[in-house]
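What follows is one structure encoded as structure tokens, with my remarks underneath.
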Amino acid sequence: MTGFKEQRRYPRIDTENAVGYVLYNDKKKKVDQGSGRTRNLSQTGVLLETEHILKGSYIILVTINFDGEKVKVKGRVVTIRYDEFSGCYLTGIEFIGPKDEQHEAIIAFVKAYQRRKHHADGRDTV
């Protein structure tokens, strides 16, 4: 038996962040909006968990950064699958658009996740 070789260009980190989204079709017409949560994140994209399938081509994710400001990042829907364990849909999203927006969103996702994890571990400091 051979070992599994990772095919991804960038490593994934587990995250769990609440996000809002606006979904667009291939003609860039708004078709849906809602909320979900991130499951993992890399330099080039995010895995989004939602209660219903995302039927669209492009998406704008919105989260709140450490300073309470909205951070938006644009993406392209690349894969969708149903997760029987959670009963939710998992949508792979590839970031598109300006690199500075992508980096700002990645930093916001990671900082928010680390902050919640830090508080959950009981290491609350003032």
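The way I read the labels, and the way they are meant: chains A, B, ... in the order of the structure tokens, residue 1 as the first residue of every chain, and ligand 1 as the first ligand shown, with later ones counted on from there.
Within 12 Å of Tyr24 (chain A), once only C-alpha atoms are used and residues closer than 3 positions along the same chain are dropped, the contacting residues are A:Tyr21, A:Lys27, A:Lys28, A:Lys29, A:Lys30, A:Val31, A:Asp32, A:Gln33, A:Leu54, A:Lys55, A:Gly56, A:Ser57, A:Tyr58, A:Ile59, A:Ile60, A:Leu61, A:Lys74, A:Gly75, A:Arg76, A:Val77.
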*asked:* DSSP on the backbone, strand (DSSP E) only: what residues of chain A does that give? Format it as number ranges by chain.
replied: A: 13-14, 18-24, 30-41, 45-50, 58-64, 70-83, 88-96
*Using only C-alpha atoms, which residues sit within 8 Å of Ile106 (chain A) once same-chain residues fewer than 6 positions away are excluded, as a list of chain:residue names?*
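Residues near the query, excluding close chain neighbours: A:Leu41, A:Ser42, A:Gln43.
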*Can you list, as a ChimeraX atom specification, every protein, DNA or RNA residue that comes within 7 Å of Tyr113 (chain A) when you count only C-alpha atoms, leaving out same-chain residues fewer than 6 positions away?*
/A:15-17
*Identify, on the basis of only C-alpha atoms, every residue whose closest approach to Lys72 (chain A) does not exceed 10 Å; exclude the query and any residue fewer than 3 positions from it along the same chain; express the result as a PyMOL selection string.*
chain A and resi 19-21+60-65+69+75+101-102+104-105+108
*Tell me which of A:Ile93, A:Val73, A:Ile13, A:Val22 sits closest to Ser35 (chain A), counting only C-alpha atoms.*
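Comparing A:Ile93, A:Val73, A:Ile13, A:Val22 against Ser35 (chain A), the winner is A:Val22.
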_Among the residues A:Asn25, A:Thr50, A:Gln114, A:Thr44, the one that comes closest to Leu90 (chain A) [using only C-alpha atoms]_ = A:Thr50
_I'd like the neighbourhood of Leu48 (chain A) as a PyMOL selection string, where a residue qualifies if any of its atoms comes within 9 Å (using only C-alpha atoms), though same-chain residues fewer than 4 positions away should be ignored._
chain A and resi 19+36-40+89-93
Resulting file, chosen residues, N, CA and C atoms, as a JSON list (two decimals), in the first residue's frame:
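This went into out_13.json:
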[["chain", "number", "residue", "atom", "x", "y", "z"],
["A", 19, "VAL", "N", -19.12, 33.58, 8.89],
["A", 19, "VAL", "CA", -19.01, 34.50, 7.77],
["A", 19, "VAL", "C", -20.37, 34.69, 7.13],
["A", 36, "GLY", "N", -22.50, 31.19, 6.94],
["A", 36, "GLY", "CA", -21.91, 29.87, 7.11],
["A", 36, "GLY", "C", -20.72, 30.00, 8.03],
["A", 37, "ARG", "N", -19.86, 29.00, 7.97],
["A", 37, "ARG", "CA", -18.64, 29.08, 8.77],
["A", 37, "ARG", "C", -17.50, 28.42, 8.01],
["A", 38, "THR", "N", -16.32, 28.93, 8.24],
["A", 38, "THR", "CA", -15.16, 28.35, 7.59],
["A", 38, "THR", "C", -14.78, 27.07, 8.31],
["A", 39, "ARG", "N", -14.25, 26.13, 7.57],
["A", 39, "ARG", "CA", -13.74, 24.88, 8.16],
["A", 39, "ARG", "C", -12.23, 24.81, 8.10],
["A", 40, "ASN", "N", -11.67, 25.31, 6.98],
["A", 40, "ASN", "CA", -10.21, 25.42, 6.88],
["A", 40, "ASN", "C", -9.87, 26.52, 5.89],
["A", 89, "TYR", "N", -23.34, 21.31, 3.63],
["A", 89, "TYR", "CA", -22.59, 21.33, 2.38],
["A", 89, "TYR", "C", -21.25, 21.99, 2.61],
["A", 90, "LEU", "N", -20.22, 21.43, 2.00],
["A", 90, "LEU", "CA", -18.87, 21.97, 2.08],
["A", 90, "LEU", "C", -18.50, 22.48, 0.70],
["A", 91, "THR", "N", -18.21, 23.77, 0.64],
["A", 91, "THR", "CA", -17.92, 24.43, -0.63],
["A", 91, "THR", "C", -16.48, 24.92, -0.63],
["A", 92, "GLY", "N", -15.71, 24.46, -1.60],
["A", 92, "GLY", "CA", -14.35, 24.93, -1.77],
["A", 92, "GLY", "C", -14.37, 26.22, -2.56],
["A", 93, "ILE", "N", -13.74, 27.26, -2.02],
["A", 93, "ILE", "CA", -13.72, 28.57, -2.64],
["A", 93, "ILE", "C", -12.28, 29.00, -2.87]]
